[in-house]
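Coordinates from run-v7.txt are shown below (compact mmCIF, C-alpha atoms and all ligand atoms).
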# COMPACT_ATOMS: atom_id res chain seq x y z
CA MET W 402 -37.57 -23.33 6.54
CA GLY W 403 -34.57 -23.23 8.84
CA ALA W 404 -36.66 -22.78 11.95
CA LEU W 405 -35.87 -24.90 14.95
CA ASN W 406 -38.35 -27.66 15.81
CA LEU W 407 -38.57 -27.27 19.57
CA ASN W 408 -39.99 -30.80 20.07
CA THR W 409 -37.18 -32.61 18.31
CA MET W 410 -34.49 -29.89 18.57
CA LYS W 411 -33.93 -30.45 14.86
CA ARG W 412 -33.78 -28.05 11.96
CA VAL W 413 -33.79 -28.20 8.18
CA CYS W 414 -30.57 -27.34 6.34
CA LYS W 415 -30.97 -24.50 3.89
CA LYS W 416 -28.69 -26.17 1.39
CA CYS W 417 -29.51 -29.89 1.36
CA GLY W 418 -33.00 -29.64 2.87
CA VAL W 419 -32.35 -32.48 5.32
CA GLU W 420 -33.64 -32.15 8.88
CA LYS W 421 -30.72 -32.51 11.27
CA GLU W 422 -29.83 -32.21 14.98
CA ILE W 423 -29.02 -28.64 16.04
CA GLU W 424 -25.44 -29.75 16.82
CA GLU W 425 -25.00 -30.44 13.13
CA PHE W 426 -24.99 -26.68 12.50
CA VAL W 427 -21.94 -24.50 13.25
CA LYS W 428 -22.35 -22.02 16.10
CA ASN W 429 -22.69 -18.43 14.95
CA LYS W 430 -23.95 -15.69 17.24
CA ALA W 431 -25.11 -13.59 14.26
CA CYS W 432 -27.61 -16.21 13.06
CA PRO W 433 -31.09 -17.12 14.30
CA PHE W 434 -30.82 -19.65 17.19
CA GLU W 435 -27.11 -18.80 17.09
CA ARG W 436 -26.46 -21.50 14.51
CA GLU W 437 -25.69 -21.23 10.81
CA ARG W 438 -28.44 -22.13 8.33
CA THR W 439 -26.40 -24.69 6.39
CA CYS W 440 -25.35 -27.94 8.04
CA LYS W 441 -21.73 -28.76 8.79
CA GLU W 442 -21.59 -31.30 6.02
CA CYS W 443 -22.74 -28.81 3.37
CA ARG W 444 -20.44 -26.22 4.81
CA ASN W 445 -17.44 -28.51 4.55
CA LYS W 446 -18.37 -29.42 0.99
CA ARG W 447 -18.53 -25.73 0.09
CA GLU W 448 -15.14 -25.06 1.66
CA ARG W 449 -13.54 -28.01 -0.09
CA ALA W 450 -14.94 -26.87 -3.41
CA ARG W 451 -13.46 -23.44 -2.82
CA ASP W 452 -10.04 -24.90 -2.04
CA ASN W 453 -10.29 -27.05 -5.12
CA ILE W 454 -10.94 -24.06 -7.31
CA SER W 455 -7.96 -22.13 -6.03
CA GLU W 456 -5.80 -25.26 -6.32
CA LYS W 457 -6.99 -25.67 -9.89
CA HIS W 458 -6.17 -22.04 -10.64
CA LYS W 459 -2.69 -22.47 -9.26
CA GLU W 460 -2.20 -25.67 -11.19
CA TYR W 461 -3.45 -24.03 -14.38
CA TYR W 462 -1.15 -21.07 -13.89
CA LYS W 463 1.84 -23.32 -13.34
CA LEU W 464 1.15 -25.30 -16.48
CA ASN W 465 0.45 -22.26 -18.65
CA LYS W 466 2.81 -19.74 -17.08
CA ASP W 467 4.71 -18.86 -20.25
CA HIS W 468 1.60 -18.67 -22.35
CA ILE W 469 -0.19 -16.45 -19.79
CA LYS W 470 2.80 -14.15 -19.52
CA ILE W 471 3.03 -13.73 -23.26
CA SER W 472 -0.66 -13.03 -23.70
CA ASN W 473 -0.63 -10.55 -20.79
CA LYS W 474 2.28 -8.79 -22.39
CA LYS W 475 0.53 -8.70 -25.76
CA ARG W 476 -2.58 -7.24 -24.19
CA TYR W 477 -0.47 -4.67 -22.37
CA GLU W 478 1.31 -3.65 -25.57
CA LEU W 479 -2.02 -3.24 -27.35
CA ASN W 480 -3.47 -1.02 -24.63
CA LYS W 481 -0.28 0.60 -23.46
CA GLU W 482 -1.35 4.15 -24.10
CA SER W 483 -4.74 4.02 -22.46
CA ILE W 484 -3.29 2.07 -19.52
CA SER W 485 -0.51 4.56 -18.94
CA LEU W 486 -3.02 7.40 -19.18
CA SER W 487 -5.34 5.85 -16.64
CA ARG W 488 -2.38 5.15 -14.37
CA ARG W 489 -1.34 8.76 -14.42
CA THR W 490 -4.34 9.86 -12.37
CA LYS W 491 -3.88 10.78 -8.74
CA GLU W 492 -6.53 8.30 -7.62
CA TYR W 493 -4.86 5.41 -9.37
CA ARG W 494 -1.47 6.30 -7.93
CA ALA W 495 -2.86 6.57 -4.42
CA LYS W 496 -4.60 3.21 -4.76
CA ALA W 497 -1.51 1.59 -6.26
CA LYS W 498 0.61 2.89 -3.42
CA ILE W 499 -1.67 1.34 -0.81
CA TRP W 500 -1.87 -1.91 -2.73
CA LYS W 501 1.91 -2.07 -3.14
CA ARG W 502 2.42 -1.43 0.54
CA LYS W 503 -0.02 -4.22 1.43
CA GLU W 504 1.67 -6.65 -0.95
CA TYR W 505 5.04 -5.70 0.47
CA ILE W 506 3.97 -6.35 4.06
CA LYS W 507 2.48 -9.67 3.01
CA ASN W 508 5.61 -10.84 1.18
CA LYS W 509 8.25 -8.77 2.94
CA GLU W 510 10.84 -11.50 3.35
CA ARG W 511 10.55 -12.78 -0.20
CA ILE W 512 10.63 -9.29 -1.75
CA ASP W 513 13.57 -8.10 0.38
CA ASN W 514 15.47 -11.20 -0.50
CA ARG W 515 14.70 -10.89 -4.20
CA ASN W 516 15.79 -7.23 -4.22
CA LYS W 517 18.99 -8.05 -2.37
CA VAL W 518 19.89 -10.82 -4.78
CA TYR W 519 19.06 -8.63 -7.76
CA ALA W 520 21.15 -5.73 -6.42
CA LEU W 521 24.12 -8.02 -5.82
CA GLU W 522 23.94 -9.72 -9.18
CA ASN W 523 23.48 -6.47 -11.10
CA LYS W 524 25.71 -4.14 -9.13
CA ASP W 525 27.66 -2.83 -12.14
CA LYS W 526 24.61 -2.57 -14.33
CA ILE W 527 22.72 -0.58 -11.69
CA SER W 528 25.51 1.90 -10.95
CA LYS W 529 26.21 2.35 -14.67
CA HIS W 530 22.55 2.95 -15.34
CA ALA W 531 22.28 5.45 -12.49
CA GLN W 532 25.31 7.34 -13.74
CA GLU W 533 24.00 7.42 -17.28
CA TYR W 534 20.63 8.60 -16.11
CA TRP W 535 22.23 11.38 -14.10
CA GLU W 536 24.42 12.50 -17.03
CA ASN W 537 21.50 12.51 -19.45
CA ASN W 538 19.08 14.32 -17.19
CA LYS W 539 21.34 16.65 -15.22
CA VAL W 540 19.47 19.84 -16.07
CA MET W 541 16.05 18.35 -15.42
CA LEU W 542 17.16 16.71 -12.17
CA HIS W 543 18.73 19.94 -10.90
CA ALA W 544 15.57 21.86 -11.67
CA LYS W 545 13.45 19.21 -10.01
CA GLN W 546 15.63 19.26 -6.91
CA LYS W 547 15.44 23.05 -6.78
CA LEU W 548 11.68 22.94 -7.01
CA GLN W 549 11.54 20.30 -4.31
CA ASN W 550 13.76 22.37 -2.02
CA GLN W 551 11.54 25.36 -2.60
CA LYS W 552 8.49 23.31 -1.69
CA ASN W 553 10.18 21.95 1.44
CA ARG W 554 11.00 25.49 2.47
CA ASP W 555 7.58 26.99 1.71
CA GLU W 556 5.64 24.23 3.40
CA LEU W 557 8.10 23.89 6.29
CA ARG W 558 8.46 20.19 5.73
CA ASP W 559 10.38 18.05 8.23
CA THR W 560 13.42 17.76 6.00
CA TYR W 561 13.76 21.55 5.68
CA VAL W 562 13.20 22.23 9.39
CA LYS W 563 15.68 19.51 10.24
CA ASP W 564 18.34 21.09 8.03
CA GLN W 565 17.77 24.46 9.70
CA ILE W 566 18.16 22.97 13.19
CA ARG W 567 21.31 21.17 12.11
CA ARG W 568 22.81 24.34 10.70
CA VAL W 569 21.83 26.72 13.51
CA PHE W 570 22.55 24.45 16.50
CA SER W 571 25.03 21.99 14.91
CA ILE W 572 23.01 19.00 16.08
CA PRO W 573 23.52 15.80 14.05
CA THR W 574 20.58 14.59 11.98
CA LYS W 575 20.28 11.34 13.89
CA THR W 576 19.80 13.17 17.19
CA ILE W 577 17.21 15.50 15.68
CA TYR W 578 15.11 12.58 14.52
CA GLU W 579 15.33 11.05 17.99
CA TYR W 580 13.44 14.07 19.37
CA PRO W 581 10.48 14.75 17.09
CA ASP W 582 9.43 17.63 19.35
CA LEU W 583 12.55 19.51 18.25
CA ILE W 584 11.30 19.63 14.67
CA GLU W 585 7.76 20.59 15.64
CA ASN W 586 8.91 23.35 18.01
CA TYR W 587 11.36 24.81 15.57
CA ARG W 588 8.74 24.72 12.83
CA GLN W 589 6.51 26.90 15.03
CA GLN W 590 9.42 29.28 15.67
CA ILE W 591 10.06 29.69 11.97
CA LYS W 592 6.35 30.30 11.41
CA VAL W 593 6.36 33.09 13.98
CA LYS W 594 9.51 34.63 12.49
CA ARG W 595 7.99 34.57 9.03
CA LEU W 596 4.77 36.07 10.25
CA LEU W 597 6.60 38.92 12.01
CA LYS W 598 8.64 39.54 8.88
CA THR W 599 5.58 39.85 6.65
CA LYS W 600 3.96 42.21 9.17
CA LYS W 601 7.08 44.32 9.21
CA ASP W 602 7.30 44.35 5.41
CA GLU W 603 3.68 45.39 5.22
CA SER W 604 4.13 48.28 7.60
CA ASN W 605 7.27 49.39 5.74
CA GLU W 606 5.32 49.47 2.53
CA THR W 607 2.57 51.66 3.95
CA SER W 608 4.87 54.12 5.70
ZN ZN X 701 -26.96 -29.58 4.54

Go through the file and emit its structure as structure tokens.
Ligand SMILES: [Zn+2]
Amino acid sequence: MGALNLNTMKRVCKKCGVEKEIEEFVKNKACPFERERTCKECRNKRERARDNISEKHKEYYKLNKDHIKISNKKRYELNKESISLSRRTKEYRAKAKIWKRKEYIKNKERIDNRNKVYALENKDKISKHAQEYWENNKVMLHAKQKLQNQKNRDELRDTYVKDQIRRVFSIPTKTIYEYPDLIENYRQQIKVKRLLKTKKDESNETS
């Protein structure tokens, strides 16, 4: 089935089983005889059915929005603990990050707009909340920042190297970021300095 009849230049559709002219099959280089196995008519039917389903889903969602939201929330509340546990894994976070990024790119304008409107409408609430959060978590936030700084320093991250360049050469941050080579070169310099220092310390210890 599906083979081309060379006498009539006709072929049987895989879906409806009707023998049809070769032109009735969509061109596709990956298929035998470079034509798809289902006829155009069947193909169109399939596509329409697919559209119908997604239209129906949309329609259903619209009609049952409140109900769906409530039941989703209920389900979330029931499984809150196990969900939050599973979301705490590194893998999940990495996946979520990629997914979020994709969604953001897809809906950039809408999301930016929504955030802007939200920020404007809730200006006081947001700044009050931020202040409260800071007051309540001062000690923890300080410690966290300290740890982060330490990490930046140990791993010679861009932000640390940038700060060093700014301090030593008094170059503004903006300019530093315009020349990424600056950061990379200075990072290497610091590495060499550190290496020399450890060597020196080592030899001091032995002598
Ligand atoms: Zn067909």

Compute the set of protein, DNA and RNA residues whose minimum atom distance to ligand ZN 701 (chain X) is at most 12 Å, using all atoms listed in the file, and state it as JSON, numbers by chain. {"W": [403, 412, 413, 414, 415, 416, 417, 418, 419, 420, 421, 422, 423, 425, 426, 427, 437, 438, 439, 440, 441, 442, 443, 444, 445, 446, 447]}

When you draw a straight line from CA of Lys470 in chain W to CA of Ala531 in chain W, how long is it in Å?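 Between CA of Lys470 in chain W and CA of Ala531 in chain W the gap is 28.5 Å.
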
What separates CA of Ile584 in chain W and CA of Lys563 in chain W is a distance of 6.2 Å

Practice problem: Tell me, as an NGL selection string, which residues lie within 10 Å of Tyr587 in chain W, counting all atoms listed in the file; anything in the same chain fewer than 2 positions away does not count. | Solution: :W and (557 or 562-563 or 565-566 or 582-585 or 589-593)

What is the CA of Arg558 in chain W-CA of Tyr578 in chain W distance in Å, reported with one decimal?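 Separation of CA of Arg558 in chain W and CA of Tyr578 in chain W: 13.4 Å.
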
Should you be able to, write range 439-470 of chain W of this structure into a file that contains N, CA and C atoms, as a short mmCIF file (atom, residue, chain, number, x, y, z; two decimals), in the first residue's frame.
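Wrote it out as decode.cif, contents follow:
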data_model
loop_
_atom_site.label_atom_id
_atom_site.label_comp_id
_atom_site.auth_asym_id
_atom_site.auth_seq_id
_atom_site.Cartn_x
_atom_site.Cartn_y
_atom_site.Cartn_z
N THR W 439 -0.43 10.28 3.24
CA THR W 439 -1.86 10.59 3.33
C THR W 439 -2.18 11.69 2.33
N CYS W 440 -3.36 11.61 1.74
CA CYS W 440 -3.74 12.59 0.71
C CYS W 440 -4.01 13.96 1.34
N LYS W 441 -4.04 14.97 0.48
CA LYS W 441 -4.23 16.33 0.97
C LYS W 441 -5.53 16.49 1.74
N GLU W 442 -6.56 15.82 1.22
CA GLU W 442 -7.87 15.93 1.84
C GLU W 442 -7.82 15.40 3.28
N CYS W 443 -7.23 14.22 3.46
CA CYS W 443 -7.15 13.63 4.80
C CYS W 443 -6.27 14.49 5.71
N ARG W 444 -5.23 15.03 5.10
CA ARG W 444 -4.32 15.86 5.85
C ARG W 444 -5.04 17.10 6.38
N ASN W 445 -5.82 17.73 5.50
CA ASN W 445 -6.56 18.93 5.91
C ASN W 445 -7.56 18.60 7.01
N LYS W 446 -8.22 17.45 6.84
CA LYS W 446 -9.19 17.03 7.86
C LYS W 446 -8.51 16.91 9.21
N ARG W 447 -7.31 16.28 9.19
CA ARG W 447 -6.58 16.06 10.43
C ARG W 447 -6.22 17.40 11.08
N GLU W 448 -5.75 18.33 10.24
CA GLU W 448 -5.35 19.63 10.76
C GLU W 448 -6.54 20.38 11.37
N ARG W 449 -7.67 20.31 10.64
CA ARG W 449 -8.87 20.99 11.14
C ARG W 449 -9.30 20.42 12.47
N ALA W 450 -9.23 19.10 12.57
CA ALA W 450 -9.63 18.43 13.82
C ALA W 450 -8.74 18.91 14.96
N ARG W 451 -7.46 19.05 14.66
CA ARG W 451 -6.51 19.50 15.68
C ARG W 451 -6.86 20.92 16.15
N ASP W 452 -7.12 21.80 15.16
CA ASP W 452 -7.50 23.18 15.51
C ASP W 452 -8.76 23.17 16.36
N ASN W 453 -9.71 22.33 15.96
CA ASN W 453 -10.97 22.25 16.69
C ASN W 453 -10.75 21.90 18.14
N ILE W 454 -9.86 20.93 18.36
CA ILE W 454 -9.61 20.49 19.72
C ILE W 454 -9.04 21.64 20.55
N SER W 455 -8.05 22.35 19.99
CA SER W 455 -7.45 23.42 20.79
C SER W 455 -8.45 24.57 20.99
N GLU W 456 -9.31 24.79 19.97
CA GLU W 456 -10.36 25.80 20.14
C GLU W 456 -11.31 25.39 21.26
N LYS W 457 -11.65 24.10 21.25
CA LYS W 457 -12.57 23.59 22.27
C LYS W 457 -11.96 23.73 23.66
N HIS W 458 -10.65 23.44 23.76
CA HIS W 458 -9.97 23.58 25.04
C HIS W 458 -10.05 25.01 25.53
N LYS W 459 -9.76 25.93 24.61
CA LYS W 459 -9.79 27.34 24.97
C LYS W 459 -11.17 27.75 25.44
N GLU W 460 -12.15 27.32 24.66
CA GLU W 460 -13.54 27.64 24.97
C GLU W 460 -13.91 27.11 26.35
N TYR W 461 -13.52 25.85 26.58
CA TYR W 461 -13.82 25.20 27.86
C TYR W 461 -13.17 25.96 29.01
N TYR W 462 -11.92 26.36 28.80
CA TYR W 462 -11.20 27.07 29.84
C TYR W 462 -11.90 28.38 30.17
N LYS W 463 -12.30 29.09 29.11
CA LYS W 463 -12.96 30.37 29.28
C LYS W 463 -14.21 30.22 30.13
N LEU W 464 -15.00 29.21 29.76
CA LEU W 464 -16.29 29.00 30.44
C LEU W 464 -16.10 28.56 31.89
N ASN W 465 -15.01 27.80 32.14
CA ASN W 465 -14.86 27.19 33.47
C ASN W 465 -13.68 27.75 34.26
N LYS W 466 -13.23 28.94 33.83
CA LYS W 466 -12.03 29.54 34.40
C LYS W 466 -12.02 29.52 35.93
N ASP W 467 -13.08 30.05 36.53
CA ASP W 467 -13.12 30.16 37.99
C ASP W 467 -13.06 28.79 38.63
N HIS W 468 -13.86 27.90 38.08
CA HIS W 468 -13.92 26.55 38.63
C HIS W 468 -12.54 25.87 38.54
N ILE W 469 -11.89 26.01 37.38
CA ILE W 469 -10.57 25.38 37.18
C ILE W 469 -9.56 25.96 38.15
N LYS W 470 -9.61 27.28 38.31
CA LYS W 470 -8.66 27.92 39.22
C LYS W 470 -8.83 27.41 40.64
#
